[in-house]
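Colleague: Can you keep this structure in mind? I'll have questions shortly.
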Amino acid sequence: MYQTILMTLDGTPTDQAIIAHIKQLARLHHSRVVLLHVADGWAARTYGAEAVTPEIPEDAAYLATVQREFAAEGIAAESVLAYGDPPTEIVRWVEREGCDLVAMSTHGHRFFGDLFLGTTAHRVQHQIRVPVLLLRAASR
């Protein structure tokens with residue numbers, strides 16, 4: 001059912017919930033998982049892959065760590081580091097590469113936070129035509 005699952009990661013502890021969930025789902029469906037992180041600092045948004053900041057190698061190392069975690073459990077995974085506005089880059093990836101499911105953790109903002117900040121999940125789910133799995137991160 002889910003041949004390719006795109007899992008977005010933001011490099012925060014909220015990722016753990018979606019990682020654990022997708023491991024189980026990927027095993028069940030023999031899915032390939034694409035780990036996508038969008039570097040969105042000023043330099044990344046301005047210079048893209050040419051940005052020279054500590055953020056970029058840290059993000060790449062994080063993706064590599066998560067990818068190894070999936071590989072250790074026998075789950076095919078690849079990592080992609082994109083640059084810019086996260087919702088825009090996630091939608092762009094889905095349109096360009098295609099997938100069967102987009103999986104994202106949400107931070108669980110409430111109305112006013114969402115109203116003023118917007119949410120990556122909200123913006124993505126209204127711009128793509130594939131199913132989106134939103135998993136709310138555990139409260140601390």
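So you can find residues: chains in the structure tokens are A, B, ... in the order shown, residues in each start at 1, and ligands are numbered from 1 in order.
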Just list as a PyMOL selection string whatever in chain A DSSP marks as alpha helix (DSSP H).
Modeller: chain A and resi 15-29+42-47+55-72+86-97+111-117+120-125
Colleague: Which residues of range 31-67 of chain A have any atom within 9 Å of an atom in range 86-89 of chain A when counting only C-alpha atoms, and what is the closest pair of atoms for each, with the distance in Å to one decimal? Order the rows by chain and rising number and write it as CSV.
Modeller:
```
residue,atom,partner,partner_atom,distance
A:His37,CA,A:Pro86,CA,8.1
A:Val38,CA,A:Pro86,CA,5.4
A:Ala39,CA,A:Pro86,CA,7.6
A:Asp40,CA,A:Pro86,CA,6.8
```
Colleague: Can you work out the spacing between CA of Arg129 in chain A and CA of Val34 in chain A in Å, to one decimal?
Modeller: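 CA of Val34 in chain A lies at a distance of 17.6 Å from CA of Arg129 in chain A.
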Colleague: A:Thr8, A:Gln3, A:Ser31, A:Gln67: which is nearest Leu133 in chain A, counting only C-alpha atoms?
Modeller: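 Closest candidate: A:Thr8.
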Colleague: Could you tell me which of A:Val130, A:Val33, A:Val102, A:Asp10 comes closest to Phe70 in chain A if we count only C-alpha atoms?
Modeller: A:Val33
Colleague: Neighbours of Glu73 in chain A within 10 Å (only C-alpha atoms; same-chain residues fewer than 3 positions away dropped), as a list of chain:residue names?
Modeller: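 So the residues in contact are A:Lys23, A:Arg27, A:Arg68, A:Glu69, A:Phe70, A:Ala76.
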Colleague: I need the residues of chain A that end up classed as strand (DSSP E) by DSSP on the backbone, written out as JSON, numbers by chain.
Modeller: {"A": [4, 5, 6, 7, 8, 9, 32, 33, 34, 35, 36, 37, 38, 39, 77, 78, 79, 80, 81, 82, 83, 101, 102, 103, 104, 105, 106, 132, 133, 134, 135, 136]}
Colleague: Return the single residue from A:Ala44, A:Ala60, A:Ile19, A:Ala121 that is closest to Ile5 in chain A, with distances computed using only C-alpha atoms.
Modeller: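 Smallest separation from Ile5 in chain A among the options: A:Ile19.
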Colleague: Give me, please, the distance in Å between CA of Thr46 in chain A and CA of Tyr83 in chain A, quoted to one decimal.
Modeller: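 It comes out at 8.7 Å.
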Colleague: For Ala61 in chain A, list every protein, DNA or RNA residue within 12 Å, evaluated using only C-alpha atoms, and leave out those in the same chain fewer than 4 positions away; present the list as a list in words.
Modeller: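 Residues near the query, excluding close chain neighbours: Gly11, His37, Pro54, Glu55, Ile56, Pro57, Thr65, Val66, Gln67, Arg68, Ser79, Val80 and Leu81 of chain A.
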Colleague: Go through A:Thr53, A:Thr120, A:Thr106, A:Gln24 one by one, measure the shortest atom-to-atom distance of each to Gly74 in chain A using only C-alpha atoms, and give the residue with the smallest value.
Modeller: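 Looking at the shortest contact to Gly74 in chain A, the residue is A:Gln24.
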Colleague: Rank A:Arg32, A:Val91, A:Leu101, A:Thr12 by their smallest atom-to-atom distance to Leu134 in chain A, using only C-alpha atoms, and report the top residue only.
Modeller: A:Leu101
Colleague: Show which residues sit within 10 Å of His21 in chain A, as number ranges by chain. Count only C-alpha atoms, and ignore same-chain residues fewer than 4 positions away.
Modeller: A: 16-17, 25-26, 103, 135
Colleague: So the first atom is CA of Ser105 in chain A and the second is CA of Val52 in chain A; what is the distance between them in Å, to one decimal place?
Modeller: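 Result for CA of Ser105 in chain A versus CA of Val52 in chain A: 27.8 Å, one decimal.
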Colleague: Rank A:Asp85, A:Asp100, A:Glu58, A:Glu50 by their smallest atom-to-atom distance to Thr4 in chain A, using only C-alpha atoms, and report the top residue only.
Modeller: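 Smallest separation from Thr4 in chain A among the options: A:Asp100.
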